[in-house]
Amino acid sequence: RALAPRQVAGEPKAEFEYRPSARSSIVGESGIKITYRDSKPSYIETRGTDILLHGTSAPIKDLSNTFYTTQNIYGQGFYTTDGIDIAQGYSRKGRGPEPTIYSVKVNPGVSEKLFNMEVPVEDQKIIDLVNYQIGSMDLPEMEKGDTLRSFYDNAREESYDGGYSADSIQEVFQSIQEALASEGYRGLEHIGGLKTGKRPHTVKIFWDPEHDLS
């Protein structure tokens, strides 16, 4: 299913000016715009709203869930943010020829099925599911009261120290994803910016964007 640019009729929420040295566009039902002044973008506030954005350096042809990269620190999936400045940064991060920010719509019932990585896990069944995916790798196990975020962060750091490849830790994360999906979860949610010094923003990761987003 192709993603076609959609603009809301009527007055835009903010002015948009094209600069030859800073090309960018934004599409979606929200009709959000970005203003460039002296090559420095100014943003309207999107944090804490229902707006979810995805920044990319090249237009998206379809919502495929098959794109793989070891740069996804919390596993594979379609990453979104409620911070327009964060999405803008990602739109310039790649090597694509057309930086674009997409506003995505979450289909009904999906948001409630995102696993919150910031909430301490007390369910022993979930803890056992996560720990089982470690297999023979020498990684720290999740304990009751840990968050899934802390488990992922610790596993990634320990994998570096243990000499494991980036692909091998992604395989563990993929196994965890499949285990959680079998329990009815559709993706992950966490707070971004805590380690990078950016303003906190909500990140939602969708494992099956083709069916869960529009």
# chains A, B, ... in the order shown; residues from 1 in each chain; ligands from 1
>>> select_by_dssp(residues="region 137-201 of chain A", states="strand (DSSP E)", output="list of chain:residue names")
A:Gly187, A:Leu188, A:Glu189, A:His190, A:Ile191, A:Gly192, A:His201
>>> residues_around(residues="region 56-60 of chain A", least_positions_apart="4", cutoff="7 Å", atoms="only C-alpha atoms", output="number ranges by chain")
A: 3, 90-101
>>> atom_distance(atom1="CA of Pro200 (chain A)", atom2="CA of Glu171 (chain A)")
28.0 Å
>>> residues_around(residues="Tyr68 (chain A)", least_positions_apart="3", cutoff="12 Å", atoms="only C-alpha atoms", output="PyMOL selection string")
chain A and resi 64-65+71-73+75-78+166-167+170-171+174+207
>>> closest_residue(among="A:Asp138, A:Glu210, A:Asp82, A:Asp123", to="Ser159 (chain A)", atoms="only C-alpha atoms")
A:Asp138
